[in-house]
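So this one's final.cif, mmCIF, C-alpha atoms:
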```cif
data_start
#
loop_
_atom_site.label_atom_id
_atom_site.label_comp_id
_atom_site.auth_asym_id
_atom_site.auth_seq_id
_atom_site.Cartn_x
_atom_site.Cartn_y
_atom_site.Cartn_z
CA MET A 927 -19.36 15.21 17.81
CA ALA A 928 -16.46 17.26 19.11
CA ARG A 929 -15.90 16.03 22.67
CA TYR A 930 -14.30 12.68 23.55
CA GLU A 931 -13.48 10.86 26.78
CA SER A 932 -9.90 10.18 25.63
CA LEU A 933 -7.67 10.41 22.59
CA LEU A 934 -8.44 6.79 21.70
CA ASP A 935 -12.13 7.67 21.42
CA ALA A 936 -11.24 10.38 18.89
CA CYS A 937 -10.02 7.79 16.36
CA GLY A 938 -11.88 7.77 13.03
CA GLY A 939 -14.80 10.00 12.06
CA THR A 940 -12.50 11.82 9.64
CA PRO A 941 -13.77 14.47 7.21
CA LEU A 942 -14.54 13.72 3.57
CA VAL A 943 -13.74 16.77 1.46
CA GLY A 944 -14.49 17.50 -2.18
CA LEU A 945 -11.70 18.37 -4.61
CA PRO A 946 -13.44 20.76 -7.01
CA ARG A 947 -10.18 21.88 -8.67
CA LEU A 948 -8.64 18.45 -9.20
CA SER A 949 -11.89 16.79 -10.30
CA PRO A 950 -11.98 16.44 -14.10
CA THR A 951 -14.08 18.81 -16.15
CA VAL A 952 -16.96 17.12 -17.94
CA PRO A 953 -18.56 18.23 -21.24
CA GLU A 954 -21.61 20.43 -20.91
CA GLY A 955 -24.69 18.42 -20.01
CA ALA A 956 -22.69 15.37 -18.92
CA PRO A 957 -23.11 14.04 -15.37
CA PRO A 958 -20.47 15.28 -12.88
CA VAL A 959 -17.36 13.29 -12.03
CA ARG A 960 -16.21 14.25 -8.56
CA LEU A 961 -13.21 13.40 -6.41
CA TRP A 962 -13.52 13.19 -2.62
CA ALA A 963 -10.61 12.89 -0.19
CA LYS A 964 -10.99 11.15 3.17
CA LEU A 965 -8.57 12.96 5.46
CA GLU A 966 -7.09 10.14 7.52
CA ASP A 967 -4.28 12.42 8.66
CA ARG A 968 -6.89 13.81 11.10
CA ASN A 969 -6.57 10.69 13.25
CA PRO A 970 -4.84 10.92 16.68
CA THR A 971 -1.30 10.16 15.48
CA GLY A 972 -1.85 11.53 12.00
CA SER A 973 -2.44 8.45 9.88
CA ILE A 974 -5.01 5.86 8.85
CA LYS A 975 -3.06 3.27 10.86
CA ASP A 976 -4.63 4.49 14.11
CA ARG A 977 -7.79 2.62 13.20
CA ALA A 978 -6.02 -0.73 12.73
CA ALA A 979 -3.76 -0.26 15.77
CA LEU A 980 -6.71 0.44 18.06
CA PHE A 981 -8.75 -2.50 16.75
CA MET A 982 -5.81 -4.94 16.91
CA VAL A 983 -4.96 -4.01 20.50
CA ARG A 984 -8.59 -4.13 21.62
CA GLU A 985 -9.12 -7.51 19.98
CA ALA A 986 -5.93 -8.89 21.57
CA GLU A 987 -7.07 -7.64 25.00
CA GLU A 988 -10.54 -9.14 24.60
CA SER A 989 -9.19 -12.50 23.45
CA GLY A 990 -6.69 -12.65 26.33
CA HIS A 991 -3.63 -12.46 24.05
CA LEU A 992 -2.46 -9.20 25.67
CA HIS A 993 -2.15 -8.51 29.39
CA PRO A 994 -1.24 -5.22 31.14
CA GLY A 995 2.52 -4.67 31.10
CA ASP A 996 3.14 -6.97 28.11
CA THR A 997 5.68 -6.09 25.44
CA ILE A 998 4.35 -5.79 21.89
CA LEU A 999 6.79 -6.44 19.05
CA GLU A 1000 5.86 -4.96 15.67
CA PRO A 1001 7.88 -5.04 12.48
CA THR A 1002 6.79 -1.87 10.70
CA SER A 1003 8.04 0.68 8.24
CA GLY A 1004 6.46 3.54 10.12
CA ASN A 1005 2.86 4.63 10.59
CA THR A 1006 1.63 1.43 12.23
CA GLY A 1007 4.45 1.68 14.71
CA ILE A 1008 3.58 5.29 15.56
CA ALA A 1009 -0.10 4.41 15.96
CA LEU A 1010 0.70 1.38 18.11
CA ALA A 1011 3.12 3.40 20.20
CA MET A 1012 0.33 5.82 21.12
CA VAL A 1013 -2.19 3.05 21.83
CA ALA A 1014 0.39 1.06 23.80
CA LYS A 1015 1.26 4.09 25.91
CA LEU A 1016 -2.38 4.81 26.76
CA ARG A 1017 -3.27 1.15 27.38
CA GLY A 1018 -0.15 0.27 29.39
CA TYR A 1019 2.10 -1.78 27.12
CA ARG A 1020 5.72 -1.56 26.08
CA LEU A 1021 6.32 -1.41 22.32
CA VAL A 1022 9.40 -2.58 20.44
CA CYS A 1023 9.48 -1.82 16.70
CA VAL A 1024 11.68 -3.59 14.18
CA MET A 1025 12.12 -1.40 11.14
CA PRO A 1026 14.41 -1.02 8.14
CA GLU A 1027 16.86 1.83 8.59
CA ASN A 1028 15.82 3.47 5.29
CA VAL A 1029 12.68 5.14 6.66
CA SER A 1030 12.48 8.88 7.26
CA ALA A 1031 14.10 10.52 10.29
CA GLU A 1032 10.78 12.03 11.41
CA ARG A 1033 9.19 8.61 11.79
CA ILE A 1034 12.02 7.46 14.01
CA GLN A 1035 11.86 10.60 16.15
CA LEU A 1036 8.10 10.29 16.53
CA LEU A 1037 8.33 6.66 17.60
CA ARG A 1038 10.90 7.50 20.23
CA MET A 1039 8.80 10.42 21.50
CA TYR A 1040 5.84 8.12 22.01
CA GLY A 1041 8.15 5.88 24.01
CA ALA A 1042 8.70 3.04 21.55
CA GLU A 1043 12.00 1.22 21.37
CA ILE A 1044 13.43 0.64 17.90
CA ILE A 1045 15.58 -2.14 16.54
CA PHE A 1046 16.86 -1.46 13.03
CA SER A 1047 17.36 -4.02 10.32
CA PRO A 1048 20.01 -2.86 7.84
CA ALA A 1049 18.53 -1.54 4.57
CA ALA A 1050 21.45 -2.90 2.62
CA GLY A 1051 20.68 -6.46 3.65
CA GLY A 1052 17.14 -6.19 2.22
CA SER A 1053 14.51 -8.69 3.19
CA ASN A 1054 16.97 -11.46 3.98
CA GLN A 1055 18.61 -9.32 6.64
CA ALA A 1056 15.21 -8.34 8.04
CA VAL A 1057 14.36 -12.01 8.43
CA ALA A 1058 17.63 -12.71 10.20
CA THR A 1059 17.17 -9.75 12.59
CA ALA A 1060 13.57 -10.66 13.35
CA LYS A 1061 14.35 -14.32 14.00
CA GLN A 1062 17.14 -13.39 16.34
CA ILE A 1063 14.89 -11.06 18.37
CA ALA A 1064 12.11 -13.64 18.56
CA ALA A 1065 14.52 -16.29 19.81
CA GLU A 1066 15.82 -13.98 22.51
CA HIS A 1067 12.36 -12.80 23.65
CA PRO A 1068 9.79 -15.57 23.30
CA ASP A 1069 7.35 -13.74 25.62
CA TRP A 1070 6.95 -10.66 23.40
CA LYS A 1071 3.55 -10.44 21.68
CA MET A 1072 2.99 -9.80 17.99
CA LEU A 1073 -0.11 -8.35 16.41
CA PHE A 1074 0.97 -9.16 12.83
CA GLN A 1075 -0.94 -6.49 10.89
CA TYR A 1076 -0.50 -8.38 7.59
CA GLY A 1077 -2.58 -11.32 8.76
CA ASN A 1078 -4.64 -9.89 11.63
CA PRO A 1079 -8.36 -9.85 10.76
CA ALA A 1080 -8.87 -6.99 13.26
CA ASN A 1081 -6.87 -4.77 10.88
CA ALA A 1082 -9.41 -5.26 8.08
CA ARG A 1083 -12.31 -5.25 10.54
CA ALA A 1084 -11.36 -1.76 11.71
CA HIS A 1085 -12.15 -0.55 8.20
CA TYR A 1086 -15.21 -2.76 7.77
CA GLU A 1087 -16.69 -1.31 10.95
CA THR A 1088 -15.54 2.31 10.71
CA THR A 1089 -14.02 3.57 7.41
CA GLY A 1090 -16.63 1.85 5.22
CA PRO A 1091 -19.73 3.03 7.14
CA GLU A 1092 -18.32 6.57 7.42
CA LEU A 1093 -17.84 6.76 3.64
CA LEU A 1094 -21.31 5.44 2.89
CA HIS A 1095 -22.85 7.87 5.38
CA ASP A 1096 -21.02 10.88 3.96
CA LEU A 1097 -21.24 9.89 0.28
CA PRO A 1098 -24.25 7.64 -0.43
CA THR A 1099 -23.67 8.16 -4.18
CA ILE A 1100 -20.14 6.69 -4.02
CA THR A 1101 -19.15 4.81 -7.21
CA HIS A 1102 -15.43 4.15 -6.60
CA PHE A 1103 -13.24 3.68 -3.53
CA VAL A 1104 -9.48 4.04 -4.02
CA ALA A 1105 -6.85 3.30 -1.37
CA GLY A 1106 -3.27 2.17 -0.99
CA LEU A 1107 -2.28 -1.49 -0.96
CA GLY A 1108 0.17 -2.34 1.81
CA THR A 1109 -1.09 -4.70 4.48
CA THR A 1110 -4.29 -4.61 2.35
CA GLY A 1111 -6.36 -4.02 5.51
CA THR A 1112 -7.93 -0.73 4.35
CA LEU A 1113 -9.01 -2.10 0.97
CA MET A 1114 -10.19 -5.47 2.28
CA GLY A 1115 -12.27 -4.06 5.13
CA THR A 1116 -13.69 -0.95 3.45
CA GLY A 1117 -14.06 -2.81 0.15
CA ARG A 1118 -16.06 -5.68 1.65
CA PHE A 1119 -18.38 -3.30 3.48
CA LEU A 1120 -19.03 -1.13 0.43
CA LYS A 1121 -19.51 -4.13 -1.89
CA GLU A 1122 -22.24 -5.41 0.42
CA LYS A 1123 -24.03 -2.05 0.44
CA VAL A 1124 -23.46 -0.39 -2.93
CA ASP A 1125 -24.35 -2.10 -6.20
CA GLY A 1126 -21.65 -1.86 -8.83
CA ILE A 1127 -19.12 -0.03 -6.68
CA GLN A 1128 -15.54 -0.33 -7.91
CA ILE A 1129 -12.80 -1.02 -5.36
CA VAL A 1130 -9.47 0.22 -6.70
CA ALA A 1131 -5.98 -0.43 -5.29
CA ALA A 1132 -2.97 1.85 -5.73
CA GLU A 1133 0.25 -0.02 -5.07
CA PRO A 1134 3.51 1.89 -4.59
CA ARG A 1135 6.24 0.93 -7.05
CA TYR A 1136 9.50 1.62 -5.25
CA GLY A 1137 13.02 1.94 -6.54
CA GLU A 1138 14.82 -1.27 -7.45
CA LEU A 1139 16.70 -1.54 -4.17
CA VAL A 1140 13.49 -2.38 -2.34
CA TYR A 1141 12.88 -5.40 -4.58
CA GLY A 1142 16.27 -6.89 -3.79
CA LEU A 1143 15.19 -10.51 -3.55
CA ARG A 1144 17.43 -13.33 -4.59
CA ASN A 1145 14.58 -15.43 -5.85
CA ILE A 1146 10.94 -15.03 -6.90
CA ASP A 1147 9.99 -17.62 -4.27
CA GLU A 1148 11.00 -15.13 -1.58
CA GLY A 1149 8.05 -12.88 -2.50
CA TYR A 1150 5.20 -12.09 -0.12
CA VAL A 1151 1.48 -11.60 -0.35
CA PRO A 1152 -0.17 -10.47 2.92
CA GLU A 1153 -2.49 -13.08 4.36
CA LEU A 1154 -5.33 -10.56 4.56
CA TYR A 1155 -5.26 -10.09 0.77
CA ASP A 1156 -8.30 -11.38 -1.12
CA ALA A 1157 -8.16 -10.38 -4.78
CA SER A 1158 -11.92 -10.89 -5.17
CA VAL A 1159 -12.56 -7.70 -3.18
CA LEU A 1160 -10.71 -5.60 -5.78
CA ASP A 1161 -11.80 -4.57 -9.27
CA ARG A 1162 -8.62 -2.84 -10.38
CA ARG A 1163 -5.06 -2.62 -9.13
CA PHE A 1164 -2.66 0.08 -10.27
CA SER A 1165 1.09 0.18 -9.78
CA VAL A 1166 2.19 3.79 -9.24
CA GLY A 1167 5.82 4.81 -9.61
CA THR A 1168 7.68 7.31 -7.47
CA ARG A 1169 7.52 10.06 -10.10
CA ASP A 1170 3.73 9.95 -10.49
CA ALA A 1171 3.27 9.72 -6.72
CA VAL A 1172 5.42 12.83 -6.15
CA LEU A 1173 3.72 14.76 -8.96
CA ARG A 1174 0.24 14.06 -7.53
CA THR A 1175 1.35 14.76 -3.94
CA ARG A 1176 2.53 18.18 -5.06
CA GLN A 1177 -0.72 18.80 -6.95
CA LEU A 1178 -2.71 17.97 -3.82
CA VAL A 1179 -1.07 20.76 -1.85
CA GLU A 1180 -0.68 23.22 -4.75
CA VAL A 1181 -4.19 22.89 -6.15
CA GLU A 1182 -6.35 21.81 -3.22
CA GLY A 1183 -4.28 22.80 -0.19
CA ILE A 1184 -3.96 19.24 1.11
CA PHE A 1185 -0.47 18.53 2.46
CA ALA A 1186 -0.15 14.74 2.26
CA GLY A 1187 2.45 12.00 2.25
CA PHE A 1188 3.57 10.35 -0.98
CA SER A 1189 1.35 7.28 -0.67
CA SER A 1190 -1.65 9.63 -0.92
CA GLY A 1191 -0.21 11.01 -4.16
CA ALA A 1192 -0.04 7.47 -5.52
CA ILE A 1193 -3.66 6.92 -4.50
CA LEU A 1194 -4.75 10.19 -6.16
CA HIS A 1195 -2.99 9.06 -9.35
CA ALA A 1196 -5.17 5.93 -9.50
CA ALA A 1197 -8.27 7.92 -8.52
CA LEU A 1198 -7.68 10.36 -11.39
CA ALA A 1199 -7.26 7.44 -13.80
CA VAL A 1200 -10.70 6.02 -12.98
CA ALA A 1201 -12.23 9.52 -12.87
CA HIS A 1202 -10.98 10.32 -16.38
CA GLU A 1203 -12.27 6.96 -17.63
CA ALA A 1204 -15.71 7.87 -16.29
CA VAL A 1205 -15.59 11.22 -18.12
CA LYS A 1206 -14.64 9.44 -21.37
CA ALA A 1207 -17.51 6.99 -20.92
CA GLY A 1208 -19.93 9.87 -20.25
CA LYS A 1209 -20.79 8.43 -16.84
CA GLY A 1210 -21.14 10.31 -13.57
CA ALA A 1211 -18.84 9.22 -10.74
CA ASP A 1212 -18.20 9.95 -7.08
CA VAL A 1213 -14.66 8.74 -6.48
CA ALA A 1214 -13.63 8.62 -2.82
CA PHE A 1215 -9.96 8.12 -2.01
CA VAL A 1216 -7.79 8.01 1.07
CA ILE A 1217 -5.33 10.61 2.28
CA ALA A 1218 -3.33 8.12 4.35
CA ASP A 1219 -1.20 10.62 6.23
CA GLY A 1220 0.12 14.18 6.17
CA GLY A 1221 3.39 15.24 4.58
CA TRP A 1222 5.18 16.24 7.78
CA LYS A 1223 7.03 12.97 8.25
CA TYR A 1224 8.53 13.13 4.75
CA LEU A 1225 9.81 16.71 4.61
CA SER A 1226 13.37 15.59 5.34
CA THR A 1227 13.40 13.59 2.09
CA GLY A 1228 13.50 16.90 0.21
CA ALA A 1229 11.07 15.47 -2.34
CA TYR A 1230 8.52 18.31 -1.98
CA GLY A 1231 10.83 20.78 -3.72
CA GLY A 1232 13.10 20.80 -6.75
CA THR A 1233 12.46 19.02 -10.04
CA LEU A 1234 10.65 15.69 -10.33
CA ASN A 1235 13.98 14.10 -11.22
CA ASP A 1236 15.49 15.40 -7.98
CA ALA A 1237 12.53 14.08 -6.02
CA GLU A 1238 12.70 10.67 -7.69
CA GLU A 1239 16.37 10.48 -6.82
CA ALA A 1240 15.73 11.57 -3.22
CA LEU A 1241 13.20 8.77 -2.75
CA GLU A 1242 15.19 6.06 -4.52
CA GLY A 1243 15.60 3.13 -2.16
CA GLN A 1244 13.16 4.61 0.40
CA LEU A 1245 9.92 3.06 1.52
CA TRP A 1246 7.90 6.19 0.79
CA ALA A 1247 4.50 4.64 1.39
CA MET B 657 4.28 -5.29 -32.92
CA ALA B 658 6.66 -3.91 -30.29
CA ILE B 659 5.87 -4.09 -26.61
CA GLU B 660 8.32 -2.79 -24.03
CA VAL B 661 8.90 -5.06 -21.05
CA ARG B 662 10.58 -3.90 -17.82
CA VAL B 663 12.47 -6.75 -16.20
CA PRO B 664 13.12 -6.86 -12.43
CA THR B 665 16.67 -7.34 -11.15
CA ILE B 666 16.13 -10.97 -10.19
CA LEU B 667 15.14 -11.95 -13.75
CA ARG B 668 17.90 -10.09 -15.59
CA SER B 669 20.10 -13.16 -15.61
CA TYR B 670 17.79 -14.31 -18.42
CA THR B 671 18.05 -11.09 -20.43
CA GLY B 672 21.82 -10.68 -20.36
CA GLY B 673 21.41 -7.99 -17.74
CA ALA B 674 18.97 -5.88 -19.78
CA LYS B 675 16.47 -3.82 -17.76
CA ILE B 676 14.14 -3.37 -20.71
CA VAL B 677 13.49 -5.88 -23.49
CA GLU B 678 11.09 -5.85 -26.42
CA GLY B 679 8.63 -8.52 -27.35
CA SER B 680 5.47 -9.06 -29.32
CA GLY B 681 2.16 -10.85 -28.94
CA GLU B 682 -1.55 -10.17 -29.03
CA SER B 683 -2.02 -11.50 -25.51
CA LEU B 684 0.13 -11.70 -22.42
CA SER B 685 0.68 -15.45 -22.87
CA ALA B 686 1.78 -14.89 -26.49
CA LEU B 687 4.16 -12.17 -25.34
CA ILE B 688 5.66 -14.44 -22.67
CA ASP B 689 6.14 -17.21 -25.29
CA ASP B 690 7.90 -14.70 -27.53
CA LEU B 691 10.14 -13.55 -24.66
CA ASP B 692 10.94 -17.15 -23.76
CA ALA B 693 12.04 -17.82 -27.33
CA LYS B 694 14.46 -14.90 -27.10
CA HIS B 695 15.51 -15.43 -23.47
CA ASN B 696 15.50 -19.13 -22.74
CA GLY B 697 14.00 -20.07 -19.37
CA PHE B 698 12.22 -16.74 -18.83
CA LYS B 699 8.74 -18.25 -19.00
CA GLY B 700 9.49 -20.82 -16.31
CA ARG B 701 10.06 -18.04 -13.78
CA LEU B 702 6.71 -16.37 -14.45
CA ILE B 703 4.38 -19.29 -15.09
CA THR B 704 3.79 -22.28 -12.80
CA PRO B 705 3.90 -25.87 -14.12
CA GLU B 706 0.07 -25.78 -13.93
CA GLY B 707 0.04 -22.91 -16.42
CA GLY B 708 -0.98 -20.03 -14.13
CA LEU B 709 0.80 -16.84 -13.22
CA HIS B 710 3.26 -17.41 -10.35
CA LYS B 711 1.80 -16.29 -7.01
CA PHE B 712 4.75 -14.03 -6.22
CA VAL B 713 4.96 -12.43 -9.67
CA ASN B 714 2.99 -9.31 -10.52
CA ILE B 715 2.71 -8.18 -14.13
CA TYR B 716 1.33 -4.78 -15.03
CA VAL B 717 0.11 -3.60 -18.43
CA ASN B 718 0.41 0.18 -18.58
CA ASP B 719 0.68 0.19 -14.77
CA GLU B 720 -2.43 -1.95 -14.24
CA ASP B 721 -2.28 -5.46 -12.69
CA VAL B 722 -3.04 -8.06 -15.40
CA ARG B 723 -4.83 -10.28 -12.93
CA PHE B 724 -7.71 -7.79 -13.22
CA LEU B 725 -7.43 -7.55 -17.01
CA GLY B 726 -7.82 -11.23 -17.92
CA ALA B 727 -4.46 -12.47 -16.57
CA LEU B 728 -2.57 -14.47 -19.23
CA ASP B 729 -5.42 -13.83 -21.71
CA ALA B 730 -5.10 -10.06 -21.30
CA LYS B 731 -5.10 -8.43 -24.74
CA LEU B 732 -2.06 -6.37 -25.66
CA SER B 733 -1.57 -3.63 -28.24
CA ASP B 734 1.40 -2.11 -29.97
CA GLY B 735 3.05 0.45 -27.70
CA ASP B 736 1.87 -1.12 -24.46
CA SER B 737 4.33 -1.03 -21.61
CA ILE B 738 4.70 -4.11 -19.40
CA THR B 739 6.29 -4.12 -15.95
CA ILE B 740 7.19 -7.34 -14.14
CA LEU B 741 7.74 -7.13 -10.38
CA PRO B 742 8.17 -9.61 -7.56
CA ALA B 743 5.28 -9.38 -5.07
CA VAL B 744 6.92 -7.66 -2.13
CA ALA B 745 5.70 -4.05 -2.20
CA GLY B 746 3.85 -2.38 0.62
CA GLY B 747 5.90 -2.59 3.78
CA ALA B 748 7.77 -5.56 2.40
CA LEU B 749 10.50 -5.57 4.98
CA GLY B 750 8.04 -5.31 7.83
CA PHE B 751 6.06 -8.17 6.43
CA VAL B 752 8.95 -10.49 5.88
CA ALA B 753 10.20 -9.84 9.39
CA ALA B 754 6.76 -10.44 10.84
CA ALA B 755 6.28 -13.64 8.88
CA ALA B 756 9.64 -14.94 10.01
CA LEU B 757 8.85 -14.18 13.65
CA LEU B 758 5.68 -16.21 13.45
CA GLY B 759 7.46 -19.01 11.65
CA ARG B 760 5.22 -18.68 8.59
#
```
What do you get writing this file as C-alpha cells?
Amino acid sequence: MARYESLLDACGGTPLVGLPRLSPTVPEGAPPVRLWAKLEDRNPTGSIKDRAALFMVREAEESGHLHPGDTILEPTSGNTGIALAMVAKLRGYRLVCVMPENVSAERIQLLRMYGAEIIFSPAAGGSNQAVATAKQIAAEHPDWKMLFQYGNPANARAHYETTGPELLHDLPTITHFVAGLGTTGTLMGTGRFLKEKVDGIQIVAAEPRYGELVYGLRNIDEGYVPELYDASVLDRRFSVGTRDAVLRTRQLVEVEGIFAGFSSGAILHAALAVAHEAVKAGKGADVAFVIADGGWKYLSTGAYGGTLNDAEEALEGQLWA
Amino acid sequence: MAIEVRVPTILRSYTGGAKIVEGSGESLSALIDDLDAKHNGFKGRLITPEGGLHKFVNIYVNDEDVRFLGALDAKLSDGDSITILPAVAGGALGFVAAAALLGR
C-alpha cells in the first residue's frame, strides 16, 4: 500500500531487507544463515519510536487521560520526543520534553522544528540532577500529562500488534529477533508475539554500554529497571560497547549501504554473534534485527569518520542509543 | 585461573580505585567469593541477603548477561572477561526523571 489518509496512517509497514554481504558464509552444503534488517528509519519521523508514540497517544485519548489542548510532558533522550512531537502536533497537543543536555544537536533542532518545548537537565548532575529537575517541573505544573514510555503497556503493545506481525508475515522462517534494550517496549511486544507464533524462536537483546559518565550513580540502589521489562521474554542479552557499536554502524553503510544510528550498530553486533554461532553449530538461521533510526541525527558527533579511537572518544559521555 | 573483572565507578571504593581486578573461580559465585576475600565487602554490594543477584546489578560474561547463562551458577573459564554495571542503561536519565515525576 502506498497511499495513506495522513502521515499518522503511514506509521509502520517498514521494509525488511536482506544483508547478503554481511551475512556469514556457511560451509558448502550447510543450511544458509541470513541476516535481515527491518528499516524502522522509514517511519514518519525516522525512528522506531513512532510506533510507540502513536499507540501511547491513541490509548491515552481512548481512556480519557488526554483531552484536546492538553500538555504532554515526556522525559526523553531523543527519538521518543521527536515522535511524540509529530503526533502531538497532528493530534492537537502541546509537548514539553525534559532531556539531558548531552544529546546530539540534531535531536534538539528537530524537536524544536516540530514545535516541542525543551527543558534541559544538566548532564554533569547525572541522574540525581534529572530527578531534581523533573520533580520541580511536576510540582509547578500538576496538570501536565505523562505517557511514561518505560511503564506504558501501549508502548509494548504497539510492537505486539504491528512490528511482530509484520516480521512474521515477511519472514515466516524467522529463527532470531534482535533489538535494542532501552524502554524494552520493542523487545517485550515483538518478543511476546513471536514467541506465541514461532516455536523455538530466540529473542535477543542488545544493550548499549555507554561511557562511565552515564553510570554516575552514587549508589547501586539508585539503579533502574523499566517496569515493562520481563526477563522471561528474552533468551539472550548482550552488552555492546561504544567501539563495537561504531564499528558495526560503519560496516552497515560501507558494506550494505544502510546509513543507521549507533544503536543499530550495537544491534547488528549482537545479531552477528548469534548468526556466527548458528554457522558453528551447522544450523540454518534467519536472523531479523532492527535498524532503529538513520544516522542523520548523529553526524555532528563526528563518530562516522576518523579512527575507532577517535569515534569512541567523540561518543564518551553521550547517550548514543 | 585468571579472570578479568571490570568494576564500575560506584564499586571502586572496594578495589582501592582499580577499574580492573583479577579473580578466579569456576562459577560466578566462586569468583565473587574470591573477589570478596581480596576486596572486603564487595560481595555484599552484588548479592542480596537472600543470596540472589541484586536487582540493580548487571553482570556480563564476555559481554553476555549472566542472568541468561545460569546467573550465579554460570560457568567461567580462564580468560573470560567480566563486566559489572549498575542497571541504568537505555535512556537512563529519561527514565529516572519519568519515575520521579510519577512518584515511583
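Minimum atom-to-atom distances from A:Asp1147, A:Glu1203, A:Asp1170, A:Glu1032 to Pro950 (chain A) were compared using all atoms listed in the file, and the lowest value belongs to A:Glu1203.
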What are the centre and the three edge lengths of an axis-aligned box that wraps all atoms of region 728-746 of chain B in the file, given that 6 Å is added to every side, written as AutoDock Vina command-line options and rounded to one decimal in Å?
```
--center_x 1.4 --center_y -7.0 --center_z -14.7 --size_x 25.6 --size_y 26.9 --size_z 42.6
```
Practice task
Grab the CA of Ala1211 (chain A) to CA of Arg1135 (chain A) distance for me, in Å with one decimal place.
Solution key: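 Here the two named atoms are 26.7 Å from each other.
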Completion exercise
One decimal place gives the CA of Pro705 (chain B)-CA of Ala1131 (chain A) separation as 28.7 Å
Practice task
Please evaluate the PyMOL selection byres ((chain B and resi 733-738) around 12) against the displayed coordinates and give the resulting residues as a ChimeraX atom specification.
Solution key: /A:1165 /B:657-664,675-684,686-688,714-722,730-732,739-741
Exercise for the section: Output the residue selection produced by the PyMOL selection byres ((chain B and resi 667) around 10) on the file above, formatted as number ranges by chain. Expected result: A: 1144-1146; B: 663-666, 668-675, 697-698, 701-702, 740-742
Selection to disk with C-alpha atoms, as a compact mmCIF listing (two decimals), in the frame of the given file:
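Writing done, so here's part24.txt:
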```
# COMPACT_ATOMS: atom_id res chain seq x y z
CA ARG A 1144 17.43 -13.33 -4.59
CA ASN A 1145 14.58 -15.43 -5.85
CA ILE A 1146 10.94 -15.03 -6.90
CA VAL B 663 12.47 -6.75 -16.20
CA PRO B 664 13.12 -6.86 -12.43
CA THR B 665 16.67 -7.34 -11.15
CA ILE B 666 16.13 -10.97 -10.19
CA ARG B 668 17.90 -10.09 -15.59
CA SER B 669 20.10 -13.16 -15.61
CA TYR B 670 17.79 -14.31 -18.42
CA THR B 671 18.05 -11.09 -20.43
CA GLY B 672 21.82 -10.68 -20.36
CA GLY B 673 21.41 -7.99 -17.74
CA ALA B 674 18.97 -5.88 -19.78
CA LYS B 675 16.47 -3.82 -17.76
CA GLY B 697 14.00 -20.07 -19.37
CA PHE B 698 12.22 -16.74 -18.83
CA ARG B 701 10.06 -18.04 -13.78
CA LEU B 702 6.71 -16.37 -14.45
CA ILE B 740 7.19 -7.34 -14.14
CA LEU B 741 7.74 -7.13 -10.38
CA PRO B 742 8.17 -9.61 -7.56
```
Practice task
Enter the distance from CA of Lys1121 (chain A) to CA of Val1159 (chain A), in Å, rounded to one decimal.
Solution key: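 Spanning CA of Lys1121 (chain A) to CA of Val1159 (chain A) is a straight-line distance of 7.9 Å.
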Practice task
May I ask which of the residues A:Met1114, A:Val1029, A:Leu1178, A:Ala928 is the closest one to chain B, counting only C-alpha atoms?
Solution key: A:Val1029
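All protein and nucleic acid residues in the vicinity of (-10.5, 12.0, 8.6), that is within 10 Å when counting all atoms listed in the file, are Cys937, Gly938, Gly939, Thr940, Pro941, Leu942, Val943, Ala963, Lys964, Leu965, Glu966, Asp967, Arg968, Asn969, Pro970, Gly972, Ser973, Ile974, Thr1089, Glu1092, Val1216, Ile1217, Ala1218 and Asp1219 of chain A.
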Problem - Nearby residues, (-9.0, -2.0, 25.6) file frame, 12 Å, only C-alpha atoms, as a PyMOL selection string - result: chain A and resi 934-935+979-994+1013-1019
Can you turn the PyMOL selection byres ((chain A and resi 1171) around 7) into a concrete residue list for this file, as a PDB file with C-alpha atoms, in the coordinates of the input?
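Written output follows (out-v3.pdb):
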```pdb
ATOM      1  CA  VAL A1166       2.190   3.790  -9.240  1.00  0.00           C
ATOM      2  CA  GLY A1167       5.820   4.810  -9.610  1.00  0.00           C
ATOM      3  CA  THR A1168       7.680   7.310  -7.470  1.00  0.00           C
ATOM      4  CA  ARG A1169       7.520  10.060 -10.100  1.00  0.00           C
ATOM      5  CA  ASP A1170       3.730   9.950 -10.490  1.00  0.00           C
ATOM      6  CA  VAL A1172       5.420  12.830  -6.150  1.00  0.00           C
ATOM      7  CA  LEU A1173       3.720  14.760  -8.960  1.00  0.00           C
ATOM      8  CA  ARG A1174       0.240  14.060  -7.530  1.00  0.00           C
ATOM      9  CA  THR A1175       1.350  14.760  -3.940  1.00  0.00           C
ATOM     10  CA  PHE A1188       3.570  10.350  -0.980  1.00  0.00           C
ATOM     11  CA  SER A1189       1.350   7.280  -0.670  1.00  0.00           C
ATOM     12  CA  GLY A1191      -0.210  11.010  -4.160  1.00  0.00           C
ATOM     13  CA  ALA A1192      -0.040   7.470  -5.520  1.00  0.00           C
ATOM     14  CA  HIS A1195      -2.990   9.060  -9.350  1.00  0.00           C
TER      15      HIS A1195
END
```
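All residues of protein, DNA or RNA that reach within 9 Å of Leu1113 (chain A), judged by only C-alpha atoms and not counting those fewer than 6 positions away in the chain, are Ala1082, His1085, Phe1103, Val1104, Ala1105, Gly1106, Leu1107, Ile1129, Val1130, Ala1131, Tyr1155, Val1159 and Leu1160 of chain A.
Counting only C-alpha atoms, the residue from A:Ala1009, A:Val959, A:Leu948, A:Leu1154 that sits nearest to chain B is A:Leu1154.
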Problem - Non-local contacts of Val1124 (chain A) (9 Å; only C-alpha atoms; under 2 positions in same chain excluded) as a list in words - result: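 Skipping anything fewer than 2 positions along the chain leaves Leu1094, Pro1098, Thr1099, Ile1100, Thr1101, Phe1119, Leu1120, Lys1121, Glu1122, Gly1126 and Ile1127 of chain A.
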Practice task
For Ile1034 (chain A), please output as number ranges by chain all residues within 9 Å (counting all atoms listed in the file; exclusion window: fewer than 4 positions along the same chain).
Solution key: A: 1004, 1008, 1029-1030, 1038-1039, 1044
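Closest approach to chain A among B:Arg723, B:Lys694, B:Leu728, B:Phe712: B:Phe712, based on all atoms listed in the file.
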Practice task
Could you check which of A:Gly1208, A:Pro1001, A:Pro1091, A:Gly955 is closest to chain B, using all atoms listed in the file?
Solution key: A:Pro1001
